[in-house]
>>> print(open('model_27.txt').read())   # compact mmCIF, C-alpha atoms and all ligand atoms
# COMPACT_ATOMS: atom_id res chain seq x y z
CA MET A 1 206.97 53.52 71.33
CA GLU A 2 205.49 57.03 71.09
CA LYS A 3 207.47 59.38 68.86
CA LEU A 4 208.50 62.61 70.61
CA PHE A 5 210.25 65.26 68.53
CA ILE A 6 212.51 67.80 70.20
CA SER A 7 211.66 70.23 67.42
CA HIS A 8 208.19 70.57 65.91
CA THR A 9 209.35 71.99 62.59
CA GLY A 10 212.48 69.95 62.04
CA TYR A 11 214.34 73.15 61.11
CA GLU A 12 215.29 74.12 64.64
CA VAL A 13 218.91 73.41 65.56
CA LYS A 14 219.54 72.38 69.16
CA GLU A 15 222.91 72.49 70.88
CA ALA A 16 224.46 69.27 72.16
CA GLN A 17 227.65 69.01 74.20
CA ILE A 18 230.24 66.30 73.69
CA LEU A 19 230.70 64.44 76.98
CA ARG A 20 233.16 61.80 75.82
CA THR A 21 234.89 60.53 72.71
CA VAL A 22 236.26 57.02 72.16
CA ARG A 23 238.43 56.02 69.22
CA LEU A 24 237.03 52.78 67.79
CA THR A 25 239.22 52.35 64.69
CA GLU A 26 241.58 54.54 62.68
CA LYS A 27 238.59 56.18 60.95
CA ASP A 28 235.75 55.71 63.46
CA LYS A 29 235.05 57.58 66.68
CA LEU A 30 232.24 57.26 69.19
CA PHE A 31 230.77 60.51 70.55
CA GLU A 32 228.66 60.61 73.70
CA LEU A 33 226.54 63.77 73.78
CA ALA A 34 223.85 65.45 75.85
CA LEU A 35 221.48 68.27 74.95
CA VAL A 36 222.52 71.57 76.46
CA GLY A 37 219.94 72.47 79.12
CA GLY A 38 219.37 68.87 80.22
CA GLU A 39 216.45 68.05 77.85
CA ILE A 40 216.17 64.32 77.09
CA LEU A 41 216.41 63.29 73.43
CA ASP A 42 213.59 60.87 72.66
CA PHE A 43 214.19 58.62 69.67
CA GLU A 44 213.67 55.14 68.28
CA PRO A 45 216.48 52.75 67.29
CA GLY A 46 217.14 53.29 63.57
CA GLN A 47 216.43 57.05 63.52
CA PHE A 48 219.08 59.62 62.63
CA LEU A 49 220.10 63.19 63.45
CA GLU A 50 221.33 65.96 61.17
CA VAL A 51 224.57 67.00 62.88
CA SER A 52 226.07 70.42 62.11
CA LEU A 53 229.04 72.64 62.81
CA VAL A 54 228.81 76.36 62.09
CA GLY A 55 230.79 77.25 58.98
CA VAL A 56 231.44 73.61 58.10
CA GLY A 57 228.15 71.94 57.20
CA GLU A 58 225.66 69.28 58.18
CA ALA A 59 225.42 65.49 57.72
CA PRO A 60 222.97 62.74 58.69
CA ILE A 61 224.33 60.46 61.42
CA SER A 62 222.46 57.52 62.97
CA LEU A 63 221.83 57.32 66.68
CA CYS A 64 223.87 54.31 67.79
CA SER A 65 222.92 54.14 71.48
CA SER A 66 219.73 52.61 72.82
CA PRO A 67 216.92 54.97 73.90
CA THR A 68 217.00 53.05 77.19
CA GLN A 69 220.13 55.16 77.89
CA ARG A 70 218.26 58.33 78.90
CA LYS A 71 220.71 61.04 79.96
CA SER A 72 222.96 60.99 76.91
CA PHE A 73 223.04 59.63 73.38
CA GLU A 74 225.82 58.29 71.17
CA LEU A 75 226.92 58.71 67.56
CA CYS A 76 229.56 56.66 65.75
CA VAL A 77 231.22 58.80 63.10
CA ARG A 78 233.48 57.62 60.27
CA ALA A 79 235.79 60.40 59.06
CA VAL A 80 235.16 60.56 55.30
CA GLY A 81 234.68 64.24 54.42
CA ARG A 82 234.23 67.83 55.53
CA LEU A 83 231.83 67.53 58.45
CA THR A 84 232.92 64.16 59.75
CA ASN A 85 236.65 65.09 59.75
CA ALA A 86 235.81 68.34 61.56
CA LEU A 87 233.81 66.34 64.15
CA HIS A 88 236.80 64.08 64.72
CA ARG A 89 238.86 67.14 65.71
CA LEU A 90 236.41 68.07 68.52
CA GLU A 91 236.91 67.24 72.19
CA PRO A 92 234.74 66.78 75.28
CA GLY A 93 233.12 70.10 76.20
CA ASP A 94 232.73 71.21 72.55
CA ILE A 95 229.26 71.94 71.17
CA VAL A 96 227.62 70.64 67.97
CA GLY A 97 224.24 71.46 66.41
CA ILE A 98 221.62 68.78 65.94
CA ARG A 99 218.24 68.58 64.20
CA GLY A 100 215.91 65.66 64.60
CA PRO A 101 215.56 62.79 65.34
CA PHE A 102 214.32 62.05 61.82
CA GLY A 103 212.88 59.14 59.94
CA VAL A 104 211.17 55.87 60.66
CA GLY A 105 213.16 53.58 62.97
CA PHE A 106 213.01 49.81 63.43
CA PRO A 107 209.45 48.62 64.19
CA VAL A 108 210.32 47.70 67.78
CA THR A 109 206.74 47.04 68.90
CA LYS A 110 206.14 44.69 65.96
CA LEU A 111 209.36 42.80 66.73
CA MET A 112 208.36 42.15 70.34
CA GLY A 113 207.48 38.52 71.08
CA HIS A 114 209.38 37.28 68.01
CA ASP A 115 212.79 35.72 67.33
CA LEU A 116 215.32 38.11 65.80
CA LEU A 117 218.13 37.68 63.31
CA LEU A 118 220.08 40.95 63.32
CA ILE A 119 222.70 41.31 60.58
CA ALA A 120 225.23 44.15 60.29
CA GLY A 121 227.89 44.90 57.70
CA GLY A 122 230.71 47.37 58.43
CA ILE A 123 229.55 50.69 59.86
CA GLY A 124 225.98 49.34 59.63
CA LEU A 125 226.70 48.00 63.11
CA ALA A 126 226.35 51.60 64.39
CA PRO A 127 222.57 52.00 63.80
CA LEU A 128 221.97 48.32 64.53
CA ARG A 129 223.78 48.69 67.90
CA SER A 130 220.93 50.96 68.98
CA LEU A 131 218.47 48.09 68.38
CA ILE A 132 220.82 45.39 69.74
CA ASN A 133 221.27 47.25 73.03
CA TYR A 134 217.55 48.04 73.19
CA VAL A 135 216.83 44.30 72.83
CA MET A 136 219.50 43.43 75.45
CA ASP A 137 217.96 45.93 77.89
CA ASN A 138 214.45 44.50 77.30
CA ARG A 139 215.52 40.91 76.73
CA ARG A 140 212.33 39.29 78.05
CA ASP A 141 210.22 41.04 75.39
CA PHE A 142 211.93 39.09 72.59
CA GLY A 143 212.34 35.42 71.66
CA ARG A 144 215.61 33.89 70.46
CA VAL A 145 218.14 36.49 69.28
CA HIS A 146 221.00 35.98 66.82
CA VAL A 147 223.41 38.74 65.80
CA LEU A 148 225.71 38.37 62.78
CA PHE A 149 228.39 40.97 62.07
CA GLY A 150 230.59 41.07 58.99
CA CYS A 151 233.55 43.38 58.68
CA LYS A 152 236.26 44.00 56.04
CA ASP A 153 239.20 43.14 58.31
CA PRO A 154 240.00 42.97 62.05
CA GLN A 155 241.35 46.56 62.04
CA ASN A 156 237.88 47.81 61.13
CA LEU A 157 236.01 46.01 63.93
CA LEU A 158 233.71 48.46 65.70
CA PHE A 159 232.70 48.23 69.38
CA ARG A 160 235.25 45.48 70.20
CA ASP A 161 234.60 45.62 73.96
CA GLU A 162 230.85 45.39 73.49
CA ILE A 163 231.20 42.53 71.01
CA GLU A 164 233.06 40.58 73.71
CA VAL A 165 230.17 41.21 76.13
CA TRP A 166 227.57 40.12 73.53
CA GLN A 167 229.64 36.99 72.75
CA ARG A 168 229.65 35.99 76.43
CA ARG A 169 225.87 36.33 76.87
CA MET A 170 224.07 32.99 77.00
CA ASP A 171 220.78 34.49 75.77
CA VAL A 172 222.20 35.80 72.46
CA GLY A 173 223.87 33.98 69.59
CA PHE A 174 226.60 36.33 68.35
CA GLN A 175 228.87 35.56 65.40
CA CYS A 176 231.45 37.76 63.78
CA THR A 177 233.33 37.28 60.50
CA VAL A 178 235.93 39.21 58.51
CA ASP A 179 236.46 39.25 54.74
CA GLN A 180 240.23 39.20 55.22
CA ALA A 181 241.97 37.91 58.34
CA ASP A 182 245.32 38.97 59.81
CA PRO A 183 247.70 36.57 61.62
CA ASP A 184 246.08 37.33 65.03
CA TRP A 185 242.47 36.70 63.91
CA LYS A 186 241.05 33.53 65.47
CA GLY A 187 237.47 33.89 64.24
CA ASN A 188 235.53 33.14 61.08
CA VAL A 189 236.72 34.33 57.67
CA GLY A 190 234.23 34.99 54.88
CA LEU A 191 231.35 37.28 53.96
CA VAL A 192 228.50 37.75 56.44
CA THR A 193 226.25 35.75 54.11
CA SER A 194 228.39 32.65 54.80
CA LEU A 195 227.13 32.62 58.41
CA ILE A 196 223.42 32.56 57.56
CA PRO A 197 222.97 28.89 56.49
CA GLY A 198 224.38 27.67 59.84
CA VAL A 199 222.07 29.75 62.07
CA ASP A 200 219.42 27.65 63.79
CA ILE A 201 216.13 29.56 63.46
CA ASN A 202 212.43 28.95 63.13
CA PRO A 203 211.84 31.04 59.98
CA ARG A 204 208.09 31.62 60.55
CA GLU A 205 208.85 33.12 63.98
CA THR A 206 211.86 35.19 62.92
CA PHE A 207 212.16 38.82 61.86
CA ALA A 208 215.44 39.56 60.06
CA VAL A 209 216.83 43.09 60.33
CA MET A 210 219.88 44.18 58.34
CA VAL A 211 221.99 47.30 58.03
CA GLY A 212 225.06 47.50 55.85
CA PRO A 213 226.45 48.58 52.50
CA PRO A 214 223.94 48.39 49.60
CA VAL A 215 225.95 45.60 47.92
CA MET A 216 225.31 43.32 50.91
CA TYR A 217 221.51 43.47 50.77
CA ARG A 218 220.75 41.47 47.64
CA PHE A 219 222.95 38.56 48.77
CA VAL A 220 221.73 38.58 52.38
CA ILE A 221 218.07 38.72 51.27
CA ALA A 222 218.63 35.74 48.93
CA GLU A 223 220.05 33.71 51.87
CA LEU A 224 217.18 34.73 54.17
CA LEU A 225 214.59 33.70 51.59
CA LYS A 226 216.42 30.37 51.12
CA LYS A 227 216.17 29.93 54.88
CA GLY A 228 212.39 30.35 54.63
CA ILE A 229 211.99 33.76 56.28
CA PRO A 230 208.92 35.39 54.69
CA GLU A 231 209.46 38.65 52.74
CA SER A 232 207.07 40.37 55.15
CA GLN A 233 209.55 39.66 57.99
CA ILE A 234 212.65 41.14 56.33
CA ILE A 235 213.55 44.70 57.34
CA LEU A 236 216.42 46.87 56.15
CA SER A 237 217.75 50.39 56.43
CA LEU A 238 218.51 52.28 53.21
CA GLU A 239 221.27 54.86 53.08
CA ARG A 240 220.91 57.67 50.56
CA HIS A 241 222.58 61.06 50.25
CA MET A 242 220.38 63.16 52.50
CA LYS A 243 220.36 66.89 53.00
CA CYS A 244 217.22 68.31 54.62
CA GLY A 245 215.88 65.22 56.41
CA LEU A 246 212.44 66.76 55.94
CA GLY A 247 211.14 65.39 52.64
CA LYS A 248 211.74 68.77 50.93
CA CYS A 249 214.99 68.70 48.93
CA GLY A 250 214.47 65.43 47.06
CA HIS A 251 218.09 64.22 47.49
CA CYS A 252 216.97 60.93 49.05
CA GLN A 253 214.03 60.24 46.74
CA ILE A 254 213.51 56.79 45.17
CA HIS A 255 210.40 56.88 42.96
CA ASP A 256 207.54 57.84 45.30
CA ILE A 257 209.45 57.44 48.58
CA TYR A 258 211.68 59.80 50.54
CA CYS A 259 214.26 57.80 52.51
CA CYS A 260 214.54 60.55 55.14
CA GLN A 261 210.83 60.53 56.00
CA ASP A 262 209.41 57.19 54.83
CA GLY A 263 212.63 55.41 55.95
CA PRO A 264 215.52 54.91 56.37
CA VAL A 265 214.03 51.67 57.74
CA PHE A 266 211.75 49.78 55.33
CA PHE A 267 210.09 46.41 55.12
CA TYR A 268 211.59 44.55 52.12
CA GLU A 269 208.07 44.03 50.73
CA ARG A 270 207.62 47.82 50.41
CA ILE A 271 210.74 48.48 48.35
CA LYS A 272 211.51 45.23 46.54
CA THR A 273 209.93 46.37 43.26
CA LEU A 274 211.39 49.91 43.34
CA LYS A 275 214.16 50.02 40.74
CA GLY A 276 217.44 51.20 42.28
CA ALA A 277 216.29 50.82 45.88
CA ILE A 278 218.57 47.84 46.56
C1 LIG M 301 220.38 57.93 57.33
C2 LIG M 301 221.88 58.05 57.33
C3 LIG M 301 222.58 57.67 58.47
C4 LIG M 301 223.98 57.78 58.48
N1 LIG M 301 224.63 57.41 59.61
C5 LIG M 301 225.96 57.53 59.69
C6 LIG M 301 226.66 57.19 60.88
O1 LIG M 301 226.07 56.74 61.87
N2 LIG M 301 227.99 57.38 60.91
C7 LIG M 301 228.68 57.87 59.82
O2 LIG M 301 229.91 58.03 59.93
N3 LIG M 301 228.06 58.18 58.66
C8 LIG M 301 226.71 58.04 58.58
N4 LIG M 301 226.06 58.38 57.42
C9 LIG M 301 226.86 58.81 56.25
C10 LIG M 301 227.24 60.28 56.34
O3 LIG M 301 226.08 61.08 56.43
C11 LIG M 301 228.04 60.65 55.07
O4 LIG M 301 229.27 59.96 55.09
C12 LIG M 301 228.28 62.14 54.91
O5 LIG M 301 228.53 62.42 53.55
C13 LIG M 301 229.44 62.64 55.70
O6 LIG M 301 229.53 64.05 55.58
P1 LIG M 301 230.89 64.80 55.32
O7 LIG M 301 230.57 66.27 55.23
O8 LIG M 301 231.91 64.40 56.33
O9 LIG M 301 231.36 64.18 53.96
P2 LIG M 301 231.34 64.86 52.53
O10 LIG M 301 232.33 65.98 52.51
O11 LIG M 301 229.93 65.17 52.18
O12 LIG M 301 231.91 63.67 51.63
C14 LIG M 301 231.77 62.28 51.92
C15 LIG M 301 231.90 61.45 50.68
O13 LIG M 301 230.62 61.31 50.07
C16 LIG M 301 230.62 61.93 48.80
N5 LIG M 301 229.36 62.71 48.71
C17 LIG M 301 228.88 63.58 49.62
N6 LIG M 301 227.70 64.08 49.22
C18 LIG M 301 227.42 63.51 48.03
C19 LIG M 301 226.34 63.61 47.11
N7 LIG M 301 225.27 64.38 47.32
N8 LIG M 301 226.39 62.83 45.98
C20 LIG M 301 227.46 62.01 45.75
N9 LIG M 301 228.50 61.89 46.59
C21 LIG M 301 228.49 62.63 47.71
C22 LIG M 301 231.85 62.79 48.77
O14 LIG M 301 232.37 62.95 47.47
C23 LIG M 301 232.82 62.02 49.65
O15 LIG M 301 233.41 60.94 48.97
C24 LIG M 301 224.68 58.26 57.35
C25 LIG M 301 223.97 58.63 56.21
C26 LIG M 301 222.59 58.52 56.19
C27 LIG M 301 221.85 58.91 54.96
S1 LIG M 302 216.88 64.51 52.56
FE1 LIG M 302 215.76 66.11 51.63
S2 LIG M 302 214.03 65.05 50.89
FE2 LIG M 302 215.06 63.55 52.04
>>> encode(input="model_27.txt", output="structure tokens", more="lines below")
Ligand SMILES: Cc1cc2nc3c(=O)[nH]c(=O)nc-3n(C[C@H](O)[C@H](O)[C@H](O)COP(=O)(O)OP(=O)(O)OC[C@H]3O[C@@H](n4cnc5c(N)ncnc54)[C@H](O)[C@@H]3O)c2cc1C
Ligand code: FES
Amino acid sequence: MEKLFISHTGYEVKEAQILRTVRLTEKDKLFELALVGGEILDFEPGQFLEVSLVGVGEAPISLCSSPTQRKSFELCVRAVGRLTNALHRLEPGDIVGIRGPFGVGFPVTKLMGHDLLLIAGGIGLAPLRSLINYVMDNRRDFGRVHVLFGCKDPQNLLFRDEIEVWQRRMDVGFQCTVDQADPDWKGNVGLVTSLIPGVDINPRETFAVMVGPPVMYRFVIAELLKKGIPESQIILSLERHMKCGLGKCGHCQIHDIYCCQDGPVFFYERIKTLKGAI
């Protein structure tokens, strides 16, 4: 997929209007936005925007919709601090600033023709949803597809309606698990790693892609390697405190890499020997 930047310098802030908000959980909201002036935002699944509000600040937020959705784009925001709480107070019609898209996304072209094992933990489902929906919209370009989603508890389940749609599809194996169930939960209980041994895959044909909290990665990677998936076919997205998104401020640096520019998506092979990367 050719990369098209809406801003050549990366410093330019564009205005985007909120079209719709949907409450997903107590702390998470989905925002559907469109660029003011009707310009289309071109991006790859896995890339992120720097989202700003005048007088409040700026924060990196992943694009969570698929680029196959052309007229608008979506962000899933967890209210944790200054900018994200201020975003949660906005309504349809309000304007936010955006820079980007930034970073290297999932290697979609390389994944084509292969089987996929897509694994999300918690809010990691937001960036992975961009890839999941891209794959669903171009289903014939991919082999067998499995999606595993692990979440703390049923109250924190993101994209419930969409999960039901994915679960009903015959051409996707979708499994969801929670660390702690409540009395209404009928599904699996346990960490996302507990689902991996039971997934029927051909490891040589499969690319595994994961997005989740850093603590999840080491355990998931160990299970994938046990399953026989080669290191060269394991892909993950690293989250670091980012500021500029431009490889200038150094906030996201790990040794010789800048997560904002060289990532956030990396092949495991590239980062496995970098101390502190995972
Ligand atoms: C590539 C990328 C993609 C992301 N995608 C999403 C997404 O899709 N949705 C989403 O909700 N979030 C996402 N995040 C996380 C989000 O950017 C952070 O939660 C951000 O800090 C929120 O900004 P804030 O102003 O609301 O919070 P802040 O007021 O900055 O505070 C948030 C929390 O982080 C701590 N913190 C902030 N900055 C630092 C720092 N430099 N060092 C140590 N601790 C710090 C604060 O103490 C506080 O506990 C993403 C982050 C990255 C790097
Ligand atoms: S966020 Fe500034 S260098 Fe990466």
>>> residues_around(input="model_27.txt", residues="Phe267 (chain A)", least_positions_apart="6", cutoff="12 Å", atoms="only C-alpha atoms", output="short mmCIF file (atom, residue, chain, number, x, y, z; two decimals) with C-alpha atoms, in the coordinates of the input")
data_model
loop_
_atom_site.label_atom_id
_atom_site.label_comp_id
_atom_site.auth_asym_id
_atom_site.auth_seq_id
_atom_site.Cartn_x
_atom_site.Cartn_y
_atom_site.Cartn_z
CA VAL A 104 211.17 55.87 60.66
CA GLY A 105 213.16 53.58 62.97
CA PHE A 106 213.01 49.81 63.43
CA PRO A 107 209.45 48.62 64.19
CA LYS A 110 206.14 44.69 65.96
CA PHE A 207 212.16 38.82 61.86
CA ALA A 208 215.44 39.56 60.06
CA VAL A 209 216.83 43.09 60.33
CA MET A 210 219.88 44.18 58.34
CA ILE A 221 218.07 38.72 51.27
CA PRO A 230 208.92 35.39 54.69
CA GLU A 231 209.46 38.65 52.74
CA SER A 232 207.07 40.37 55.15
CA GLN A 233 209.55 39.66 57.99
CA ILE A 234 212.65 41.14 56.33
CA ILE A 235 213.55 44.70 57.34
CA LEU A 236 216.42 46.87 56.15
CA SER A 237 217.75 50.39 56.43
CA LEU A 238 218.51 52.28 53.21
CA THR A 273 209.93 46.37 43.26
CA ALA A 277 216.29 50.82 45.88
#
>>> residues_near_ligand(input="model_27.txt", ligand="ligand LIG 301 (chain M)", cutoff="8 Å", atoms="only C-alpha atoms and all ligand atoms", output="PyMOL selection string")
chain A and resi 28+47-49+56-64+75-86+123-124+126-127+238-243+251-252+259-260+264
>>> closest_residue(input="model_27.txt", among="A:Phe43, A:Tyr258, A:Phe159, A:Tyr217", to="ligand LIG 302 (chain M)", atoms="all atoms listed in the file")
A:Tyr258
>>> closest_residue(input="model_27.txt", among="A:Leu53, A:Leu157, A:Cys249, A:Val178", to="ligand LIG 302 (chain M)", atoms="all atoms listed in the file")
A:Cys249
>>> residues_around(input="model_27.txt", residues="Pro203 (chain A)", least_positions_apart="3", cutoff="6 Å", atoms="all atoms listed in the file", output="list in words")
Thr206, Gly228 and Ile229 of chain A
>>> write_last_selection(input="model_27.txt", atoms="C-alpha atoms", output="short mmCIF file (atom, residue, chain, number, x, y, z; two decimals), in the frame of the given file")
data_model
loop_
_atom_site.label_atom_id
_atom_site.label_comp_id
_atom_site.auth_asym_id
_atom_site.auth_seq_id
_atom_site.Cartn_x
_atom_site.Cartn_y
_atom_site.Cartn_z
CA THR A 206 211.86 35.19 62.92
CA GLY A 228 212.39 30.35 54.63
CA ILE A 229 211.99 33.76 56.28
#
>>> atom_distance(input="model_27.txt", atom1="CA of Ser65 (chain A)", atom2="CA of Leu111 (chain A)")
18.3 Å
>>> closest_residue(input="model_27.txt", among="A:Pro67, A:Pro45, A:Gly10, A:Gly198", to="ligand LIG 302 (chain M)", atoms="only C-alpha atoms and all ligand atoms")
A:Gly10
>>> residues_around(input="model_27.txt", residues="Cys176 (chain A)", least_positions_apart="4", cutoff="9 Å", atoms="all atoms listed in the file", output="PyMOL selection string")
chain A and resi 147-151+163+187-189+192+195
>>> closest_residue(input="model_27.txt", among="A:Leu125, A:Leu33, A:Ile257, A:Ile40", to="Arg20 (chain A)", atoms="all atoms listed in the file")
A:Leu33
>>> atom_distance(input="model_27.txt", atom1="CA of Val108 (chain A)", atom2="CA of Glu15 (chain A)")
28.0 Å
>>> closest_residue(input="model_27.txt", among="A:Tyr134, A:Phe266, A:Phe102, A:Phe142", to="ligand LIG 302 (chain M)", atoms="only C-alpha atoms and all ligand atoms")
A:Phe102
>>> axis_aligned_box(input="model_27.txt", around="region 96-110 of chain A", padding_each_side="8 Å", output="AutoDock Vina command-line options")
--center_x 216.9 --center_y 58.1 --center_z 64.4 --size_x 37.5 --size_y 42.8 --size_z 25.0
